[in-house]
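For reference, my_file-v3.pdb is printed below; it contains PDB, C-alpha atoms.
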```
MODEL        1
ATOM      1  CA  MET A   1     247.595 107.480  95.034
ATOM      2  CA  ALA A   2     245.648 110.309  96.623
ATOM      3  CA  MET A   3     245.343 114.027  95.892
ATOM      4  CA  SER A   4     246.515 116.878  98.129
ATOM      5  CA  ALA A   5     244.310 119.851  98.915
ATOM      6  CA  ALA A   6     246.819 122.017  97.035
ATOM      7  CA  ASP A   7     246.491 119.812  93.907
ATOM      8  CA  ILE A   8     242.711 120.117  94.007
ATOM      9  CA  GLU A   9     242.868 123.877  94.419
ATOM     10  CA  LYS A  10     245.380 124.172  91.559
ATOM     11  CA  HIS A  11     243.216 122.117  89.177
ATOM     12  CA  ILE A  12     240.053 124.033  90.058
ATOM     13  CA  LYS A  13     241.784 127.394  89.585
ATOM     14  CA  GLU A  14     243.183 126.276  86.225
ATOM     15  CA  GLY A  15     239.668 125.450  85.105
ATOM     16  CA  LEU A  16     238.007 128.426  86.829
ATOM     17  CA  PRO A  17     240.653 131.186  86.970
ATOM     18  CA  ASP A  18     238.532 133.630  88.998
ATOM     19  CA  ALA A  19     237.415 131.005  91.525
ATOM     20  CA  GLN A  20     237.747 131.471  95.252
ATOM     21  CA  VAL A  21     238.454 127.969  96.569
ATOM     22  CA  GLU A  22     238.360 126.666 100.143
ATOM     23  CA  ILE A  23     239.288 123.018 100.726
ATOM     24  CA  LYS A  24     238.697 121.046 103.929
ATOM     25  CA  ASP A  25     240.303 117.626 104.388
ATOM     26  CA  LEU A  26     237.550 115.442 105.847
ATOM     27  CA  ALA A  27     239.464 112.284 106.591
ATOM     28  CA  GLY A  28     243.178 113.009 106.321
ATOM     29  CA  ASP A  29     243.546 110.223 103.765
ATOM     30  CA  GLY A  30     243.867 112.401 100.677
ATOM     31  CA  ASN A  31     240.607 110.949  99.428
ATOM     32  CA  HIS A  32     237.757 112.710 101.204
ATOM     33  CA  TYR A  33     237.516 116.466 100.910
ATOM     34  CA  ALA A  34     234.906 119.212 101.119
ATOM     35  CA  ALA A  35     235.387 122.178  98.813
ATOM     36  CA  THR A  36     233.618 125.512  98.579
ATOM     37  CA  VAL A  37     234.037 127.159  95.183
ATOM     38  CA  ILE A  38     232.792 130.649  94.332
ATOM     39  CA  SER A  39     233.080 131.794  90.724
ATOM     40  CA  ALA A  40     231.305 134.252  88.453
ATOM     41  CA  ALA A  41     231.246 131.490  85.847
ATOM     42  CA  PHE A  42     228.515 129.790  87.899
ATOM     43  CA  LYS A  43     226.083 132.658  87.395
ATOM     44  CA  GLY A  44     222.812 131.382  85.889
ATOM     45  CA  LYS A  45     223.938 127.753  86.046
ATOM     46  CA  SER A  46     222.028 125.030  87.892
ATOM     47  CA  ARG A  47     223.684 123.335  90.838
ATOM     48  CA  VAL A  48     224.345 120.211  88.771
ATOM     49  CA  GLN A  49     225.992 122.279  86.021
ATOM     50  CA  GLN A  50     228.133 124.125  88.556
ATOM     51  CA  HIS A  51     229.380 120.871  90.025
ATOM     52  CA  GLN A  52     230.022 119.478  86.523
ATOM     53  CA  MET A  53     232.220 122.514  85.803
ATOM     54  CA  VAL A  54     234.301 121.783  88.895
ATOM     55  CA  TYR A  55     234.548 118.088  87.986
ATOM     56  CA  ALA A  56     235.645 119.039  84.477
ATOM     57  CA  ALA A  57     238.408 121.204  85.983
ATOM     58  CA  LEU A  58     239.551 118.169  87.962
ATOM     59  CA  LYS A  59     240.170 116.416  84.642
ATOM     60  CA  GLY A  60     238.977 112.908  85.390
ATOM     61  CA  ASN A  61     240.473 112.657  88.888
ATOM     62  CA  MET A  62     237.033 112.897  90.377
ATOM     63  CA  GLY A  63     235.515 109.503  91.068
ATOM     64  CA  GLY A  64     238.842 107.823  90.383
ATOM     65  CA  VAL A  65     241.774 109.004  92.479
ATOM     66  CA  LEU A  66     239.481 111.329  94.386
ATOM     67  CA  HIS A  67     236.725 109.277  95.971
ATOM     68  CA  ALA A  68     234.753 111.973  97.693
ATOM     69  CA  LEU A  69     234.584 115.716  97.189
ATOM     70  CA  ALA A  70     231.637 117.323  98.942
ATOM     71  CA  LEU A  71     231.042 120.385  96.795
ATOM     72  CA  THR A  72     229.376 123.661  97.688
ATOM     73  CA  THR A  73     229.311 126.048  94.767
ATOM     74  CA  SER A  74     227.880 129.527  94.244
ATOM     75  CA  ALA A  75     228.295 132.651  92.172
ATOM     76  CA  PRO A  76     229.702 135.669  94.024
ATOM     77  CA  GLN A  77     227.047 137.859  95.719
ATOM     78  CA  ASP A  78     226.510 140.999  93.612
TER      79      ASP A  78
ATOM     80  CA  MET B   1     221.542  93.631  72.148
ATOM     81  CA  THR B   2     220.443  96.663  74.135
ATOM     82  CA  THR B   3     223.380  98.881  75.063
ATOM     83  CA  ILE B   4     224.042  99.902  78.651
ATOM     84  CA  HIS B   5     222.849 103.369  77.663
ATOM     85  CA  ASP B   6     219.470 101.936  76.592
ATOM     86  CA  GLN B   7     219.180  99.964  79.831
ATOM     87  CA  ILE B   8     219.829 103.104  81.891
ATOM     88  CA  ASP B   9     217.499 105.134  79.703
ATOM     89  CA  ASN B  10     214.784 102.523  80.222
ATOM     90  CA  GLU B  11     215.266 102.470  84.020
ATOM     91  CA  VAL B  12     214.972 106.235  84.379
ATOM     92  CA  LYS B  13     212.055 106.485  81.975
ATOM     93  CA  THR B  14     209.949 103.668  83.434
ATOM     94  CA  ASN B  15     210.427 104.467  87.124
ATOM     95  CA  ASP B  16     209.384 107.777  88.696
ATOM     96  CA  VAL B  17     212.330 107.833  91.115
ATOM     97  CA  VAL B  18     215.558 105.902  90.475
ATOM     98  CA  LEU B  19     218.663 105.869  92.653
ATOM     99  CA  PHE B  20     221.777 104.433  91.030
ATOM    100  CA  MET B  21     223.836 103.471  94.053
ATOM    101  CA  LYS B  22     226.562 101.269  95.450
ATOM    102  CA  GLY B  23     224.782  98.317  97.013
ATOM    103  CA  THR B  24     221.022  98.087  97.543
ATOM    104  CA  ALA B  25     218.484 100.011  99.603
ATOM    105  CA  GLN B  26     218.579  97.158 102.134
ATOM    106  CA  MET B  27     222.387  96.969 102.080
ATOM    107  CA  PRO B  28     224.104 100.172 100.942
ATOM    108  CA  MET B  29     227.844  99.678 100.386
ATOM    109  CA  CYS B  30     228.986 103.285 100.653
ATOM    110  CA  GLY B  31     228.236 106.080 103.101
ATOM    111  CA  PHE B  32     227.011 108.486 100.435
ATOM    112  CA  SER B  33     224.689 105.873  98.929
ATOM    113  CA  GLY B  34     223.435 104.954 102.396
ATOM    114  CA  ARG B  35     222.657 108.576 103.293
ATOM    115  CA  SER B  36     220.825 109.028  99.980
ATOM    116  CA  VAL B  37     218.658 105.965 100.687
ATOM    117  CA  GLN B  38     217.823 107.336 104.139
ATOM    118  CA  ILE B  39     216.759 110.666 102.625
ATOM    119  CA  LEU B  40     214.328 108.981 100.214
ATOM    120  CA  GLN B  41     213.008 106.691 102.947
ATOM    121  CA  HIS B  42     212.604 109.686 105.266
ATOM    122  CA  LEU B  43     210.566 111.458 102.588
ATOM    123  CA  GLY B  44     208.524 108.256 102.237
ATOM    124  CA  VAL B  45     208.909 108.251  98.473
ATOM    125  CA  PRO B  46     208.990 104.844  96.722
ATOM    126  CA  PHE B  47     212.079 104.478  94.528
ATOM    127  CA  LYS B  48     213.888 101.929  92.359
ATOM    128  CA  ASP B  49     217.413 101.178  93.616
ATOM    129  CA  VAL B  50     219.931 100.078  90.985
ATOM    130  CA  ASN B  51     223.165  98.535  92.266
ATOM    131  CA  VAL B  52     225.982  99.769  90.019
ATOM    132  CA  LEU B  53     228.399  97.362  91.695
ATOM    133  CA  ALA B  54     226.535  94.564  89.949
ATOM    134  CA  SER B  55     228.319  95.336  86.663
ATOM    135  CA  ASP B  56     231.383  97.386  85.764
ATOM    136  CA  GLU B  57     229.736  98.253  82.475
ATOM    137  CA  LEU B  58     226.798  99.796  84.377
ATOM    138  CA  ARG B  59     229.116 101.495  86.849
ATOM    139  CA  GLN B  60     230.957 103.272  84.033
ATOM    140  CA  GLY B  61     227.886 103.618  81.818
ATOM    141  CA  ILE B  62     225.966 105.645  84.362
ATOM    142  CA  LYS B  63     228.852 108.099  84.675
ATOM    143  CA  ASP B  64     228.962 108.552  80.918
ATOM    144  CA  TYR B  65     225.169 108.822  80.713
ATOM    145  CA  THR B  66     225.146 112.127  82.585
ATOM    146  CA  ASN B  67     228.802 113.109  82.460
ATOM    147  CA  TRP B  68     228.739 112.826  86.272
ATOM    148  CA  PRO B  69     231.744 111.079  87.804
ATOM    149  CA  THR B  70     230.356 109.797  91.089
ATOM    150  CA  ILE B  71     227.782 107.451  92.564
ATOM    151  CA  PRO B  72     225.020 107.701  93.828
ATOM    152  CA  GLN B  73     222.908 109.453  91.230
ATOM    153  CA  LEU B  74     219.251 110.394  91.674
ATOM    154  CA  TYR B  75     216.719 110.627  88.824
ATOM    155  CA  ILE B  76     213.166 111.923  89.157
ATOM    156  CA  LYS B  77     210.847 111.404  86.163
ATOM    157  CA  GLY B  78     213.813 110.721  83.901
ATOM    158  CA  GLU B  79     215.673 113.882  84.943
ATOM    159  CA  PHE B  80     219.071 113.781  86.631
ATOM    160  CA  VAL B  81     218.721 115.647  89.947
ATOM    161  CA  GLY B  82     222.191 115.237  91.402
ATOM    162  CA  GLY B  83     224.622 113.232  93.477
ATOM    163  CA  ALA B  84     224.833 112.759  97.238
ATOM    164  CA  ASP B  85     225.796 116.381  98.038
ATOM    165  CA  ILE B  86     223.079 117.976  95.961
ATOM    166  CA  MET B  87     220.483 115.523  97.289
ATOM    167  CA  TYR B  88     221.529 116.323 100.863
ATOM    168  CA  GLU B  89     221.506 120.103 100.266
ATOM    169  CA  MET B  90     218.094 119.915  98.563
ATOM    170  CA  PHE B  91     216.737 117.706 101.361
ATOM    171  CA  GLN B  92     217.878 120.139 104.061
ATOM    172  CA  SER B  93     216.422 123.152 102.236
ATOM    173  CA  GLY B  94     213.115 121.343 101.530
ATOM    174  CA  GLU B  95     213.764 121.717  97.784
ATOM    175  CA  LEU B  96     213.763 117.920  97.265
ATOM    176  CA  ALA B  97     210.324 117.467  98.864
ATOM    177  CA  GLY B  98     209.086 120.400  96.746
ATOM    178  CA  LEU B  99     210.481 118.880  93.543
ATOM    179  CA  LEU B 100     208.861 115.504  94.287
ATOM    180  CA  LYS B 101     205.496 117.197  94.854
ATOM    181  CA  GLU B 102     205.917 119.328  91.714
ATOM    182  CA  LYS B 103     206.651 116.184  89.675
ATOM    183  CA  GLY B 104     203.566 114.498  91.124
ATOM    184  CA  VAL B 105     205.504 111.716  92.815
ATOM    185  CA  ALA B 106     203.525 110.303  95.732
ATOM    186  CA  ALA B 107     205.369 111.127  98.975
TER     187      ALA B 107
ENDMDL
END
```
Please, can you express the file's structure as structure tokens?
Amino acid sequence: MAMSAADIEKHIKEGLPDAQVEIKDLAGDGNHYAATVISAAFKGKSRVQQHQMVYAALKGNMGGVLHALALTTSAPQD
Amino acid sequence: MTTIHDQIDNEVKTNDVVLFMKGTAQMPMCGFSGRSVQILQHLGVPFKDVNVLASDELRQGIKDYTNWPTIPQLYIKGEFVGGADIMYEMFQSGELAGLLKEKGVAA
């Protein structure tokens, strides 16, 4: 059971309502994606914390159903 | 009986650089783990590789230990640095080499 890019985007936006999300399907198997997430909620957070926030939004799918999600996160440029 | 948490705690506290990975440094079993090994070898930094595939308890335990859902995971001087993406980004920007120097790890 894999995840679609739309599912990933939906989950991330539920967790980070203001997020701008861009998903790239790396392998076409519903299992390997790259995602760029920009959200004001990341301001002042370390890279690890930012990624943890995205993983939390994915509610446990990460590492299970979703094997690989190459994440690039940042706060919006002021 | 030491818990899995204690075992992990001990590994990261007694080794300067620890990479929890799938497989071993000689035989990585996943592309992300393999790339992470290459980064550390490229930087010439000695590290302890821990194969999480060796035990399901360890494989789950490490994810609970840092509330980080994926493998590999890099620790420097007991501190969780990140997974494969963060390691790669930090390597490309030179931040990883800087952090190793700052933590006094021979490179």
Write out as a PyMOL selection string every residue belonging to chain A that has an atom at most 10 Å from any atom of chain B, counting only C-alpha atoms.
chain A and resi 47-49+51-52+55-56+60-64+66-72
Could you write out the selected residues, including C-alpha atoms, as an mmCIF file, in the coordinates of the input?
```cif
data_model
loop_
_atom_site.group_PDB
_atom_site.id
_atom_site.type_symbol
_atom_site.label_atom_id
_atom_site.label_comp_id
_atom_site.auth_asym_id
_atom_site.auth_seq_id
_atom_site.Cartn_x
_atom_site.Cartn_y
_atom_site.Cartn_z
ATOM 1 C CA ARG A 47 223.684 123.335 90.838
ATOM 2 C CA VAL A 48 224.345 120.211 88.771
ATOM 3 C CA GLN A 49 225.992 122.279 86.021
ATOM 4 C CA HIS A 51 229.380 120.871 90.025
ATOM 5 C CA GLN A 52 230.022 119.478 86.523
ATOM 6 C CA TYR A 55 234.548 118.088 87.986
ATOM 7 C CA ALA A 56 235.645 119.039 84.477
ATOM 8 C CA GLY A 60 238.977 112.908 85.390
ATOM 9 C CA ASN A 61 240.473 112.657 88.888
ATOM 10 C CA MET A 62 237.033 112.897 90.377
ATOM 11 C CA GLY A 63 235.515 109.503 91.068
ATOM 12 C CA GLY A 64 238.842 107.823 90.383
ATOM 13 C CA LEU A 66 239.481 111.329 94.386
ATOM 14 C CA HIS A 67 236.725 109.277 95.971
ATOM 15 C CA ALA A 68 234.753 111.973 97.693
ATOM 16 C CA LEU A 69 234.584 115.716 97.189
ATOM 17 C CA ALA A 70 231.637 117.323 98.942
ATOM 18 C CA LEU A 71 231.042 120.385 96.795
ATOM 19 C CA THR A 72 229.376 123.661 97.688
#
```
Got a sec: who's within 10 Å of Ser4 (chain A), counting only C-alpha atoms, leaving out chain neighbours fewer than 4 positions off, as a list in words?
Ile8, Glu9, Lys10, Ile23, Asp25, Gly28, Asp29, Gly30, Asn31, Tyr33 and Leu66 of chain A
Within 12 Å of Arg59 (chain B), counting only C-alpha atoms, which residues qualify if same-chain residues fewer than 4 places away don't, as a CSV table (one decimal) with C-alpha atoms, in the coordinates of the input?
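Below you can see around-v4.csv, which holds the result:
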```
chain,number,residue,atom,x,y,z
A,63,GLY,CA,235.5,109.5,91.1
B,4,ILE,CA,224.0,99.9,78.7
B,5,HIS,CA,222.8,103.4,77.7
B,8,ILE,CA,219.8,103.1,81.9
B,20,PHE,CA,221.8,104.4,91.0
B,21,MET,CA,223.8,103.5,94.1
B,22,LYS,CA,226.6,101.3,95.4
B,23,GLY,CA,224.8,98.3,97.0
B,50,VAL,CA,219.9,100.1,91.0
B,51,ASN,CA,223.2,98.5,92.3
B,52,VAL,CA,226.0,99.8,90.0
B,53,LEU,CA,228.4,97.4,91.7
B,54,ALA,CA,226.5,94.6,89.9
B,55,SER,CA,228.3,95.3,86.7
B,63,LYS,CA,228.9,108.1,84.7
B,64,ASP,CA,229.0,108.6,80.9
B,65,TYR,CA,225.2,108.8,80.7
B,68,TRP,CA,228.7,112.8,86.3
B,69,PRO,CA,231.7,111.1,87.8
B,70,THR,CA,230.4,109.8,91.1
B,71,ILE,CA,227.8,107.5,92.6
B,72,PRO,CA,225.0,107.7,93.8
B,73,GLN,CA,222.9,109.5,91.2
```
Tell me which protein, DNA and RNA residues are within 7 Å of Ala19 (chain A), counting all atoms listed in the file, leaving out same-chain ones fewer than 5 positions away, and put them as a list in words.
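The residues satisfying every condition are Lys13, Val37, Ile38 and Ser39 of chain A.
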Give me, please, the distance in Å between CA of Thr73 (chain A) and CA of Ile12 (chain A), quoted to one decimal.
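CA of Ile12 (chain A) lies 11.9 Å from CA of Thr73 (chain A).
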For Leu96 (chain B): contacts at 8 Å, only C-alpha atoms, fewer than 5 positions along chain excluded, given as a list in words:
Met87, Met90 and Phe91 of chain B
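Using all atoms listed in the file, the shortest contact distance between Arg35 (chain B) and any of B:Gln7, B:Leu100, B:Tyr88, B:Tyr75 is found at B:Tyr88.
CA of Glu79 (chain B) is found 14.2 Å from CA of Lys48 (chain B).
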Contact residues around Thr3 (chain B) with only C-alpha atoms at 12 Å, ignoring same-chain residues under 3 positions, as an MDAnalysis selection string:
chainID B and resid 6:10 57:58 61:62 65
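Here the PyMOL selection byres ((chain A and resi 24) around 9) captures the residues A:Ala5, A:Glu22, A:Ile23, A:Asp25, A:Leu26, A:His32, A:Tyr33, A:Ala34, A:Ala35, A:Thr36.
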Expanded to explicit residues, what is the PyMOL selection byres ((chain A and resi 78) around 12) for this file, as a list in words?
Ser39, Ala40, Lys43, Ser74, Ala75, Pro76 and Gln77 of chain A
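With CA of Val21 (chain A) on one side and CA of Ser46 (chain A) on the other, the separation reads 18.8 Å.
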Go through B:Ile76, B:His42, B:Glu95, B:Lys101 and flag the residue nearest Thr14 (chain B), using all atoms listed in the file for the distances.
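That would be B:Ile76, the residue with the smallest distance to Thr14 (chain B).
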Six-sided padding of 5 Å per side, axis-aligned box over region 59-65 of chain A, centre and edges in Å, one decimal, as lines of an AutoDock Vina configuration file:
```
center_x = 238.6
center_y = 112.1
center_z = 88.6
size_x = 16.3
size_y = 18.6
size_z = 17.8
```
Please complete region 63-81 of chain B with N, CA and C atoms and give it back as a short mmCIF file (atom, residue, chain, number, x, y, z; two decimals), in the frame of the given file.
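See out-v6.cif below for the written result:
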```
data_model
loop_
_atom_site.label_atom_id
_atom_site.label_comp_id
_atom_site.auth_asym_id
_atom_site.auth_seq_id
_atom_site.Cartn_x
_atom_site.Cartn_y
_atom_site.Cartn_z
N LYS B 63 228.05 106.87 84.60
CA LYS B 63 228.85 108.10 84.68
C LYS B 63 228.91 108.78 83.31
N ASP B 64 228.94 107.96 82.27
CA ASP B 64 228.96 108.55 80.92
C ASP B 64 227.58 109.13 80.57
N TYR B 65 226.55 108.45 81.07
CA TYR B 65 225.17 108.82 80.71
C TYR B 65 224.89 110.28 81.05
N THR B 66 225.45 110.73 82.19
CA THR B 66 225.15 112.13 82.58
C THR B 66 226.41 112.98 82.68
N ASN B 67 227.54 112.38 82.28
CA ASN B 67 228.80 113.11 82.46
C ASN B 67 228.94 113.56 83.92
N TRP B 68 228.64 112.56 84.82
CA TRP B 68 228.74 112.83 86.27
C TRP B 68 229.60 111.72 86.86
N PRO B 69 230.72 112.09 87.50
CA PRO B 69 231.74 111.08 87.80
C PRO B 69 231.52 110.25 89.05
N THR B 70 230.44 110.54 89.82
CA THR B 70 230.36 109.80 91.09
C THR B 70 229.02 109.09 91.23
N ILE B 71 229.00 108.19 92.20
CA ILE B 71 227.78 107.45 92.56
C ILE B 71 227.51 107.81 94.00
N PRO B 72 226.28 107.99 94.50
CA PRO B 72 225.02 107.70 93.83
C PRO B 72 224.57 108.81 92.90
N GLN B 73 223.54 108.47 92.11
CA GLN B 73 222.91 109.45 91.23
C GLN B 73 221.39 109.29 91.33
N LEU B 74 220.72 110.43 91.52
CA LEU B 74 219.25 110.39 91.67
C LEU B 74 218.56 110.92 90.42
N TYR B 75 217.53 110.20 89.97
CA TYR B 75 216.72 110.63 88.82
C TYR B 75 215.26 110.70 89.26
N ILE B 76 214.60 111.81 88.90
CA ILE B 76 213.17 111.92 89.16
C ILE B 76 212.49 112.19 87.82
N LYS B 77 211.57 111.30 87.45
CA LYS B 77 210.85 111.40 86.16
C LYS B 77 211.84 111.57 85.00
N GLY B 78 212.87 110.74 85.02
CA GLY B 78 213.81 110.72 83.90
C GLY B 78 214.84 111.83 83.92
N GLU B 79 214.75 112.73 84.93
CA GLU B 79 215.67 113.88 84.94
C GLU B 79 216.72 113.69 86.02
N PHE B 80 217.99 113.92 85.66
CA PHE B 80 219.07 113.78 86.63
C PHE B 80 219.00 114.93 87.63
N VAL B 81 218.86 114.61 88.92
CA VAL B 81 218.72 115.65 89.95
C VAL B 81 220.07 115.99 90.55
#
```
